[in-house]
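Novice: A single structure is presented below for examination.
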Amino acid sequence: MKRILPDLLISPDSFFSARMKEPQDLKIPGIIVIIGAVIAAVGSYLISGIYAGMFAAAGGEGMATLMGVVGGISAFFGFIIVWWLIFAGIFYLLSMVFSGNGTFRRTLEHVGYGLVPVIIGSCLSLLVSLSYLPMIEIPVITNIQDPAAIQRMMSLILEDPAYLEFTRVTSLISVIFLAWSANLWIFGIRHARALTVKSALVVVLVPVVLYSIAVLALAFGVITFPGGFT
Amino acid sequence: MKPAFFGLFCLLLICLVLAPAGAVQDAGNAAAAQVTVSQVSLDPGVFFEGDMGVITVEVINNGVQSVAIRRATMYDTDISVISSSYETTTTLGAGNRMTFSFTVRADVPPGLYYPSFSLDFRDAGYLRYPVQLRVENNPLEVSILDKPDVYGSGRKDRIDIMVGNPRANPVSSVIIHFRGEALDPTPSSYFIGTLDPGQARKLSFNITPEKETILNIVAEYKNGINARSATVSLPVRFGESKRQADLILSNIVIVHKDGSYSLTGDVTNVGLEVANSVVLSAGAGTEPVNPYREYVVGSLQPDDFSSFEITFLAEDSSPIEVVMKYRDMDGNPFSRSTPVTMPQKSTGREDASGIAAPVIAVILLSSALIGGAIWYSWKKR
């Protein structure tokens, strides 16, 4: 493990080349993904505190705790599903266009390794969130039965300058570190699916760039959520 | 008998016959002269115009002989004598007294009148005695000594009055009534009894008006047997007293913490009367929460102040109201609301103006490191 990280981050081509000589093993990638999922869960729990505080007056402290726990669990499994399974699935499917050859298990293994920069970025985002979240003013909903009031309060949070800045900074960090992960995935998918470098670039960069554009567009208000939320 | 002697005889005879009669007449006059009016009383002592009353005349026989009385009467051209004369012949014994009462009505303007009492003797002339009868129209005087400048709906206020008798005679059965719509006076009436001439009685009562109206203070009394009244009207108008306690808020600070707002400030009594049982709470647009759902200040003297804190929930930054409840010295409740504008949520918004330099540095450093790592990874490939 001591040698794995430097090789993975600095010399991914040789790292994944070496991995191809080893039997398929999801243990270490699984641990990496679990670590990332835990960090995502912690981050989600902290952010859920904003909404939990908003509903605390109407639903009580029990509801606040419940929202935090549900948010954490959702983020935990969401990280595993989105960042590992879905990204690996997309890479696997796209690589089929370029006549990729290799098992999905090997793709999963390499995608898992490639998530290390994303996890580093998540840690950084978590630290940033610790400084930003206390600055966010949380309005209070006293009547949970009033959808208009909830909508208004949600808008207040989403329009809060501290929240907006927090979203933009974490999105930037996420995209920057995603670029690093994408670099790892290019080499990982190339070896896992026996692709050319050019094909691997297309397979990885198309979904990653689209995802990054979507994240940045949402963070900077270029596109909006349905219902008016920016 | 010669005619001269006959004439002399007749004259003598007449003298013999008439001499005793003259002696009796002289004796009667002498006895009647001893009858005098010993006492005269009027009830009422002073009449109102239109009043009915009784004049009582007492006569006494100061002589040593009885005096026969044939008739006693009262008459006057202005004063109406309602009762009949005493027509029965009677005798007033030596040293005895006899009383004659006459009912009269004073249908005359104010002034002095002298109806005459006449006592006719059987064996002598008569006794005439003018009785002085005063007619005045000045009623009882009701004065407002103290009253609130303005009244409040449902507020108990005290009024001090004085009832005086400016007449020259006492009046009896004086009762003060407080009349008006929705006034709830306490006491409902006040019994004074007899008020002597020049006498005054101070009394206090409370009213609790429910609406603006007119308070009639009615002094009912009797002048002799005649019922009379005097009324003073007092408008009851609602408003704010110039002296009442007046609470104002200052030094207001609103802090948002842990999902609720904490409002601190000072409450000062700028009125001239003490404010008791002062309690502050958050009003419309808020939902009070612990620990300071309400804040009890207690008693605030004029020019005194106290700090307070209330905690509440508010959905947005719309204006809220701080409700101050207090009581005056009589326990009348007062309530006053002061609008307070919620401040802009400052903490995050002001501090979040632009991305912090350390964050920018972290982003740039990360970008540089990652760019270097990517460049290196491709170079080494």
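In the structure tokens, each chain is lettered A, B, ... as it comes, each chain's residues begin at 1, and ligands are numbered from 1 in order of appearance.
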Determine which residues of region 24-105 of chain A DSSP labels as alpha helix (DSSP H) from the backbone of this structure, then write them out as number ranges by chain.

Specialist: A: 27-78, 87-97, 104-105

Novice: Write the residues of the selection above to a file with C-alpha atoms, as an mmCIF file, in the first residue's frame.

Specialist:
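The resulting selection-v1.cif:
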data_model
loop_
_atom_site.group_PDB
_atom_site.id
_atom_site.type_symbol
_atom_site.label_atom_id
_atom_site.label_comp_id
_atom_site.auth_asym_id
_atom_site.auth_seq_id
_atom_site.Cartn_x
_atom_site.Cartn_y
_atom_site.Cartn_z
ATOM 1 C CA LYS A 27 -10.306 -5.832 -2.091
ATOM 2 C CA ILE A 28 -8.108 -2.736 -2.207
ATOM 3 C CA PRO A 29 -10.364 -0.851 -4.646
ATOM 4 C CA GLY A 30 -13.296 -1.814 -2.422
ATOM 5 C CA ILE A 31 -11.509 -0.376 0.620
ATOM 6 C CA ILE A 32 -10.752 2.804 -1.332
ATOM 7 C CA VAL A 33 -14.385 3.112 -2.375
ATOM 8 C CA ILE A 34 -15.631 2.443 1.175
ATOM 9 C CA ILE A 35 -13.301 5.157 2.498
ATOM 10 C CA GLY A 36 -14.658 7.534 -0.125
ATOM 11 C CA ALA A 37 -18.231 6.545 0.735
ATOM 12 C CA VAL A 38 -17.629 7.191 4.430
ATOM 13 C CA ILE A 39 -16.169 10.621 3.704
ATOM 14 C CA ALA A 40 -19.119 11.386 1.432
ATOM 15 C CA ALA A 41 -21.490 10.242 4.192
ATOM 16 C CA VAL A 42 -19.811 12.509 6.734
ATOM 17 C CA GLY A 43 -19.970 15.436 4.314
ATOM 18 C CA SER A 44 -23.611 14.751 3.587
ATOM 19 C CA TYR A 45 -24.400 14.506 7.303
ATOM 20 C CA LEU A 46 -22.877 17.937 7.850
ATOM 21 C CA ILE A 47 -24.821 19.468 4.973
ATOM 22 C CA SER A 48 -27.992 17.754 6.132
ATOM 23 C CA GLY A 49 -27.568 19.701 9.343
ATOM 24 C CA ILE A 50 -28.590 22.816 7.423
ATOM 25 C CA TYR A 51 -31.916 21.357 6.381
ATOM 26 C CA ALA A 52 -32.364 19.543 9.666
ATOM 27 C CA GLY A 53 -32.054 22.847 11.519
ATOM 28 C CA MET A 54 -34.619 24.334 9.180
ATOM 29 C CA PHE A 55 -37.159 21.650 10.002
ATOM 30 C CA ALA A 56 -36.226 21.265 13.677
ATOM 31 C CA ALA A 57 -38.862 23.705 14.872
ATOM 32 C CA ALA A 58 -41.641 21.950 13.033
ATOM 33 C CA GLY A 59 -40.505 18.346 13.336
ATOM 34 C CA GLY A 60 -38.407 18.384 16.499
ATOM 35 C CA GLU A 61 -34.882 17.214 17.188
ATOM 36 C CA GLY A 62 -35.787 13.653 16.218
ATOM 37 C CA MET A 63 -36.510 14.725 12.700
ATOM 38 C CA ALA A 64 -33.205 16.582 12.476
ATOM 39 C CA THR A 65 -31.275 13.492 13.496
ATOM 40 C CA LEU A 66 -33.274 11.339 11.121
ATOM 41 C CA MET A 67 -32.539 13.683 8.226
ATOM 42 C CA GLY A 68 -28.821 13.585 9.016
ATOM 43 C CA VAL A 69 -28.737 9.798 9.208
ATOM 44 C CA VAL A 70 -30.777 9.355 6.033
ATOM 45 C CA GLY A 71 -28.551 11.873 4.238
ATOM 46 C CA GLY A 72 -25.407 10.088 5.398
ATOM 47 C CA ILE A 73 -26.618 6.640 4.375
ATOM 48 C CA SER A 74 -27.807 7.955 1.015
ATOM 49 C CA ALA A 75 -24.452 9.596 0.374
ATOM 50 C CA PHE A 76 -22.617 6.412 1.410
ATOM 51 C CA PHE A 77 -24.429 4.194 -1.064
ATOM 52 C CA GLY A 78 -24.701 6.996 -3.593
ATOM 53 C CA PHE A 87 -18.790 5.328 -13.908
ATOM 54 C CA ALA A 88 -17.307 1.843 -14.387
ATOM 55 C CA GLY A 89 -20.434 0.798 -16.278
ATOM 56 C CA ILE A 90 -20.293 3.861 -18.545
ATOM 57 C CA PHE A 91 -16.600 3.300 -19.243
ATOM 58 C CA TYR A 92 -17.262 -0.355 -19.904
ATOM 59 C CA LEU A 93 -20.126 0.378 -22.285
ATOM 60 C CA LEU A 94 -18.309 3.190 -24.107
ATOM 61 C CA SER A 95 -15.216 1.057 -24.480
ATOM 62 C CA MET A 96 -17.351 -1.510 -26.243
ATOM 63 C CA VAL A 97 -17.674 1.038 -29.055
ATOM 64 C CA PHE A 104 -16.198 -5.656 -16.013
ATOM 65 C CA ARG A 105 -14.577 -6.822 -12.803
#

Novice: Residues within 8 Å of Ser174 (chain A), please, as a list of chain:residue names. Count only C-alpha atoms; anything in the same chain fewer than 2 positions from it doesn't count.

Specialist: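 Near neighbours after the sequence-gap exclusion: A:Val118, A:Gly121, A:Ser122, A:Ser125, A:Thr170, A:Ser171, A:Leu172, A:Ile176, A:Phe177, A:Leu178.
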
Novice: Select, from B:Ala219, B:Leu300, B:Leu203, B:Leu183, the residue with the minimum atom-to-atom distance to Ile248 (chain B), counting only C-alpha atoms.

Specialist: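 Using only C-alpha atoms, the shortest distance to Ile248 (chain B) belongs to B:Leu300.
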
Novice: Do you know which residues are at most 8 Å from region 182-199 of chain A counting only C-alpha atoms, after dropping those on the same chain fewer than 6 positions away, and could you put them as a list in words?

Specialist: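 The neighbour list is Leu8, Leu9, Pro12, Asp13, Phe16, Ser17, Met20, Phe91, Tyr92, Ser95, Phe98, Ser99, Gly100, Asn101, Gly102, Thr103, Arg106, Thr107, His110, Val111, Gly114, Leu205 and Val208 of chain A; Ile374 of chain B.
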
Novice: Between CA of Gly285 (chain B) and CA of Ile136 (chain A), what is the spacing in Å?

Specialist: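 These two atoms are separated by 22.7 Å.
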
Novice: Just want the 8 Å neighbourhood of Leu133 (chain B), counted on only C-alpha atoms, with same-chain residues fewer than 5 positions away dropped. Output as a JSON list (two decimals) with C-alpha atoms, in the first residue's frame.

Specialist:
[["chain", "number", "residue", "atom", "x", "y", "z"],
["B", 42, "LEU", "CA", -91.96, 75.84, 58.00],
["B", 45, "GLY", "CA", -87.52, 75.79, 55.71],
["B", 46, "VAL", "CA", -86.91, 77.23, 52.25],
["B", 47, "PHE", "CA", -89.16, 76.37, 49.39],
["B", 112, "LEU", "CA", -89.69, 86.45, 50.24],
["B", 113, "TYR", "CA", -93.40, 86.07, 50.93],
["B", 114, "TYR", "CA", -95.50, 86.72, 53.99],
["B", 115, "PRO", "CA", -98.69, 84.70, 54.16]]

Novice: If DSSP is run on the backbone, what residues of region 81-325 of chain B are strand (DSSP E)? A reply as number ranges by chain would be ideal.

Specialist: B: 81, 90-92, 97-105, 111-113, 116-121, 126-130, 133-135, 141-146, 157-164, 171-179, 189-195, 200-207, 213-223, 226-236, 247-257, 260-269, 275-282, 287-288, 294-300, 305-313, 320-325

Novice: So that I can see what lies close to Phe117 (chain B), please list as a PyMOL selection string the residues with an atom at most 10 Å from it, counting only C-alpha atoms and leaving out residues fewer than 4 positions away in the same chain.

Specialist: chain B and resi 37+55-57+72-76+100+102+127-131

Novice: Just the selected residues (N, CA and C atoms), exported as an mmCIF file, in the first residue's frame, please.

Specialist:
data_model
loop_
_atom_site.group_PDB
_atom_site.id
_atom_site.type_symbol
_atom_site.label_atom_id
_atom_site.label_comp_id
_atom_site.auth_asym_id
_atom_site.auth_seq_id
_atom_site.Cartn_x
_atom_site.Cartn_y
_atom_site.Cartn_z
ATOM 1 N N VAL B 37 -98.543 84.475 69.306
ATOM 2 C CA VAL B 37 -97.902 83.401 68.520
ATOM 3 C C VAL B 37 -96.556 83.100 69.174
ATOM 4 N N ILE B 55 -96.871 74.940 57.004
ATOM 5 C CA ILE B 55 -96.568 76.019 57.954
ATOM 6 C C ILE B 55 -97.296 75.707 59.254
ATOM 7 N N THR B 56 -96.537 75.625 60.306
ATOM 8 C CA THR B 56 -97.114 75.299 61.614
ATOM 9 C C THR B 56 -96.977 76.515 62.527
ATOM 10 N N VAL B 57 -98.137 76.937 63.088
ATOM 11 C CA VAL B 57 -98.138 78.117 63.967
ATOM 12 C C VAL B 57 -98.609 77.657 65.345
ATOM 13 N N ALA B 72 -109.420 79.840 62.852
ATOM 14 C CA ALA B 72 -107.995 80.069 62.568
ATOM 15 C C ALA B 72 -107.770 79.789 61.087
ATOM 16 N N THR B 73 -107.082 80.677 60.434
ATOM 17 C CA THR B 73 -106.909 80.521 58.987
ATOM 18 C C THR B 73 -105.582 81.134 58.544
ATOM 19 N N MET B 74 -105.190 80.779 57.302
ATOM 20 C CA MET B 74 -103.965 81.309 56.678
ATOM 21 C C MET B 74 -104.348 81.781 55.294
ATOM 22 N N TYR B 75 -103.844 82.928 54.915
ATOM 23 C CA TYR B 75 -104.204 83.424 53.592
ATOM 24 C C TYR B 75 -103.094 84.299 53.044
ATOM 25 N N ASP B 76 -103.037 84.316 51.718
ATOM 26 C CA ASP B 76 -102.053 85.148 51.026
ATOM 27 C C ASP B 76 -102.466 85.229 49.566
ATOM 28 N N PHE B 100 -101.533 75.164 64.999
ATOM 29 C CA PHE B 100 -102.311 75.158 63.761
ATOM 30 C C PHE B 100 -101.370 74.921 62.580
ATOM 31 N N PHE B 102 -100.911 74.441 58.341
ATOM 32 C CA PHE B 102 -101.523 74.768 57.053
ATOM 33 C C PHE B 102 -100.614 74.266 55.925
ATOM 34 N N LEU B 127 -106.347 87.907 65.844
ATOM 35 C CA LEU B 127 -104.885 88.013 65.891
ATOM 36 C C LEU B 127 -104.351 87.783 64.473
ATOM 37 N N ARG B 128 -103.570 88.697 63.978
ATOM 38 C CA ARG B 128 -102.951 88.549 62.661
ATOM 39 C C ARG B 128 -101.447 88.398 62.857
ATOM 40 N N TYR B 129 -100.889 87.429 62.099
ATOM 41 C CA TYR B 129 -99.442 87.213 62.232
ATOM 42 C C TYR B 129 -98.878 86.830 60.854
ATOM 43 N N PRO B 130 -98.063 87.683 60.248
ATOM 44 C CA PRO B 130 -97.448 87.337 58.951
ATOM 45 C C PRO B 130 -96.275 86.369 59.153
ATOM 46 N N VAL B 131 -96.278 85.319 58.356
ATOM 47 C CA VAL B 131 -95.209 84.291 58.432
ATOM 48 C C VAL B 131 -94.278 84.480 57.235
#

Novice: Give me, please, the distance in Å between CA of Leu249 (chain B) and CA of Arg237 (chain B), quoted to one decimal.

Specialist: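 Here the two named atoms are 27.8 Å from each other.
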
Novice: Which residues are close to region 265-281 of chain B, i.e. within 9 Å by only C-alpha atoms, leaving aside same-chain residues fewer than 5 positions away? Reply as a PyMOL selection string.

Specialist: chain B and resi 242-254+288+292-312+321-329+331

Novice: Please produce an output containing C-alpha atoms for each residue in the selection, written as a short mmCIF file (atom, residue, chain, number, x, y, z; two decimals), in the first residue's frame.

Specialist:
data_model
loop_
_atom_site.label_atom_id
_atom_site.label_comp_id
_atom_site.auth_asym_id
_atom_site.auth_seq_id
_atom_site.Cartn_x
_atom_site.Cartn_y
_atom_site.Cartn_z
CA LYS B 242 -51.16 61.84 29.94
CA ARG B 243 -49.87 60.39 33.17
CA GLN B 244 -50.13 56.69 32.53
CA ALA B 245 -47.11 54.44 32.32
CA ASP B 246 -45.59 54.40 28.87
CA LEU B 247 -43.15 51.67 27.96
CA ILE B 248 -40.71 51.99 25.10
CA LEU B 249 -38.09 49.61 23.81
CA SER B 250 -34.52 50.52 23.00
CA ASN B 251 -31.15 48.94 22.43
CA ILE B 252 -32.79 46.14 20.44
CA VAL B 253 -30.42 43.42 19.28
CA ILE B 254 -31.62 40.36 17.41
CA PRO B 288 -42.13 31.87 21.24
CA TYR B 292 -37.42 32.95 27.22
CA ARG B 293 -40.89 32.48 25.80
CA GLU B 294 -41.89 35.43 27.99
CA TYR B 295 -39.78 37.75 30.09
CA VAL B 296 -41.12 39.05 33.39
CA VAL B 297 -39.70 42.45 34.27
CA GLY B 298 -42.03 43.13 37.20
CA SER B 299 -42.54 46.68 38.38
CA LEU B 300 -41.07 49.65 36.53
CA GLN B 301 -41.05 53.04 38.21
CA PRO B 302 -41.20 56.20 36.05
CA ASP B 303 -37.88 56.76 34.26
CA ASP B 304 -36.74 53.31 35.32
CA PHE B 305 -35.61 50.67 32.83
CA SER B 306 -34.83 46.98 32.72
CA SER B 307 -33.08 44.69 30.29
CA PHE B 308 -34.94 41.75 28.83
CA GLU B 309 -34.52 38.83 26.49
CA ILE B 310 -37.07 36.82 24.55
CA THR B 311 -36.53 33.87 22.25
CA PHE B 312 -38.75 32.96 19.34
CA GLU B 321 -44.05 42.64 17.16
CA VAL B 322 -42.86 42.71 20.74
CA VAL B 323 -45.86 42.72 23.07
CA MET B 324 -45.57 44.49 26.42
CA LYS B 325 -48.27 43.77 28.99
CA TYR B 326 -48.48 45.69 32.24
CA ARG B 327 -50.91 46.96 34.85
CA ASP B 328 -51.44 50.30 36.50
CA MET B 329 -51.80 50.91 40.20
CA GLY B 331 -54.70 46.66 38.33
#

Novice: With only C-alpha atoms as the counted atoms, please give the residues lying no more than 12 Å from Arg168 (chain A), apart from itself and same-chain residues fewer than 4 positions off, as a PDB file with N, CA and C atoms, in the first residue's frame.

Specialist:
ATOM      1  N   SER A 125     -12.861  19.031   0.353  1.00  0.00           N
ATOM      2  CA  SER A 125     -14.203  19.651   0.380  1.00  0.00           C
ATOM      3  C   SER A 125     -14.794  19.588   1.778  1.00  0.00           C
ATOM      4  N   VAL A 128     -13.242  22.262   3.774  1.00  0.00           N
ATOM      5  CA  VAL A 128     -13.817  23.553   3.354  1.00  0.00           C
ATOM      6  C   VAL A 128     -15.223  23.726   3.930  1.00  0.00           C
ATOM      7  N   SER A 129     -15.987  22.631   3.904  1.00  0.00           N
ATOM      8  CA  SER A 129     -17.369  22.721   4.415  1.00  0.00           C
ATOM      9  C   SER A 129     -17.396  23.050   5.904  1.00  0.00           C
ATOM     10  N   TYR A 132     -17.302  26.723   6.017  1.00  0.00           N
ATOM     11  CA  TYR A 132     -18.404  27.447   5.379  1.00  0.00           C
ATOM     12  C   TYR A 132     -19.758  27.221   6.067  1.00  0.00           C
ATOM     13  N   LEU A 158     -30.622  28.231  -0.523  1.00  0.00           N
ATOM     14  CA  LEU A 158     -29.877  28.105  -1.772  1.00  0.00           C
ATOM     15  C   LEU A 158     -29.381  29.456  -2.281  1.00  0.00           C
ATOM     16  N   PRO A 161     -25.494  33.619   0.337  1.00  0.00           N
ATOM     17  CA  PRO A 161     -24.168  33.810  -0.271  1.00  0.00           C
ATOM     18  C   PRO A 161     -23.131  32.798   0.214  1.00  0.00           C
ATOM     19  N   ALA A 162     -23.163  32.505   1.497  1.00  0.00           N
ATOM     20  CA  ALA A 162     -22.193  31.542   2.015  1.00  0.00           C
ATOM     21  C   ALA A 162     -22.422  30.165   1.404  1.00  0.00           C
ATOM     22  N   TYR A 163     -23.704  29.820   1.277  1.00  0.00           N
ATOM     23  CA  TYR A 163     -24.017  28.517   0.692  1.00  0.00           C
ATOM     24  C   TYR A 163     -23.612  28.482  -0.782  1.00  0.00           C
ATOM     25  N   LEU A 164     -23.882  29.575  -1.481  1.00  0.00           N
ATOM     26  CA  LEU A 164     -23.513  29.631  -2.900  1.00  0.00           C
ATOM     27  C   LEU A 164     -22.003  29.489  -3.072  1.00  0.00           C
ATOM     28  N   LEU A 172     -15.653  23.303  -7.685  1.00  0.00           N
ATOM     29  CA  LEU A 172     -14.356  23.490  -8.345  1.00  0.00           C
ATOM     30  C   LEU A 172     -13.347  22.433  -7.887  1.00  0.00           C
ATOM     31  N   ILE A 173     -13.308  22.239  -6.577  1.00  0.00           N
ATOM     32  CA  ILE A 173     -12.378  21.235  -6.025  1.00  0.00           C
ATOM     33  C   ILE A 173     -12.726  19.852  -6.586  1.00  0.00           C
ATOM     34  N   SER A 174     -14.028  19.573  -6.614  1.00  0.00           N
ATOM     35  CA  SER A 174     -14.475  18.268  -7.102  1.00  0.00           C
ATOM     36  C   SER A 174     -14.043  18.063  -8.564  1.00  0.00           C
ATOM     37  N   VAL A 175     -14.221  19.095  -9.384  1.00  0.00           N
ATOM     38  CA  VAL A 175     -13.885  18.973 -10.809  1.00  0.00           C
ATOM     39  C   VAL A 175     -12.373  18.855 -11.000  1.00  0.00           C
ATOM     40  N   VAL A 215     -21.858  19.744 -13.296  1.00  0.00           N
ATOM     41  CA  VAL A 215     -21.597  20.164 -11.909  1.00  0.00           C
ATOM     42  C   VAL A 215     -21.317  21.675 -11.835  1.00  0.00           C
ATOM     43  N   LEU A 216     -20.450  22.143 -12.737  1.00  0.00           N
ATOM     44  CA  LEU A 216     -20.098  23.568 -12.713  1.00  0.00           C
ATOM     45  C   LEU A 216     -21.284  24.447 -13.110  1.00  0.00           C
ATOM     46  N   ALA A 217     -22.063  23.951 -14.074  1.00  0.00           N
ATOM     47  CA  ALA A 217     -23.235  24.729 -14.506  1.00  0.00           C
ATOM     48  C   ALA A 217     -24.243  24.877 -13.367  1.00  0.00           C
ATOM     49  N   LEU A 218     -24.455  23.801 -12.637  1.00  0.00           N
ATOM     50  CA  LEU A 218     -25.377  23.876 -11.482  1.00  0.00           C
ATOM     51  C   LEU A 218     -24.814  24.793 -10.395  1.00  0.00           C
ATOM     52  N   ALA A 219     -23.493  24.649 -10.152  1.00  0.00           N
ATOM     53  CA  ALA A 219     -22.890  25.436  -9.070  1.00  0.00           C
ATOM     54  C   ALA A 219     -22.900  26.933  -9.379  1.00  0.00           C
ATOM     55  N   PHE A 220     -22.706  27.274 -10.635  1.00  0.00           N
ATOM     56  CA  PHE A 220     -22.618  28.692 -10.980  1.00  0.00           C
ATOM     57  C   PHE A 220     -23.927  29.225 -11.551  1.00  0.00           C
ATOM     58  N   GLY A 221     -24.990  28.425 -11.440  1.00  0.00           N
ATOM     59  CA  GLY A 221     -26.314  28.920 -11.779  1.00  0.00           C
ATOM     60  C   GLY A 221     -26.597  29.029 -13.254  1.00  0.00           C
ATOM     61  N   VAL A 222     -25.813  28.348 -14.073  1.00  0.00           N
ATOM     62  CA  VAL A 222     -26.074  28.384 -15.512  1.00  0.00           C
ATOM     63  C   VAL A 222     -27.353  27.606 -15.824  1.00  0.00           C
ATOM     64  N   THR A 230     -31.679  27.087  -7.799  1.00  0.00           N
ATOM     65  CA  THR A 230     -30.469  27.226  -8.621  1.00  0.00           C
ATOM     66  C   THR A 230     -29.434  26.214  -8.176  1.00  0.00           C
TER      67      THR A 230
ATOM     68  N   GLY B 354     -17.287  37.147  -1.484  1.00  0.00           N
ATOM     69  CA  GLY B 354     -16.092  36.752  -2.235  1.00  0.00           C
ATOM     70  C   GLY B 354     -15.409  35.554  -1.608  1.00  0.00           C
ATOM     71  N   ILE B 355     -14.733  34.790  -2.468  1.00  0.00           N
ATOM     72  CA  ILE B 355     -14.073  33.584  -1.973  1.00  0.00           C
ATOM     73  C   ILE B 355     -12.835  33.983  -1.179  1.00  0.00           C
ATOM     74  N   VAL B 359      -8.833  29.802   0.487  1.00  0.00           N
ATOM     75  CA  VAL B 359      -9.527  28.825  -0.343  1.00  0.00           C
ATOM     76  C   VAL B 359      -9.028  28.915  -1.789  1.00  0.00           C
ATOM     77  N   ILE B 360      -8.858  30.152  -2.248  1.00  0.00           N
ATOM     78  CA  ILE B 360      -8.334  30.338  -3.612  1.00  0.00           C
ATOM     79  C   ILE B 360      -6.929  29.731  -3.720  1.00  0.00           C
ATOM     80  N   ILE B 363      -7.196  26.023  -3.965  1.00  0.00           N
ATOM     81  CA  ILE B 363      -7.645  25.599  -5.296  1.00  0.00           C
ATOM     82  C   ILE B 363      -6.497  25.709  -6.309  1.00  0.00           C
TER      83      ILE B 363
END

Novice: Report, in Å to a single decimal, how far apart CA of Ala227 (chain B) and CA of Ser173 (chain B) are.

Specialist: 9.3 Å

Novice: Pick the closest to Ile10 (chain A) from A:Val82, A:Leu126, A:Ile157, A:Ser181: which is it, counting only C-alpha atoms?

Specialist: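 Ranked by minimum distance to Ile10 (chain A), first place goes to A:Ser181.
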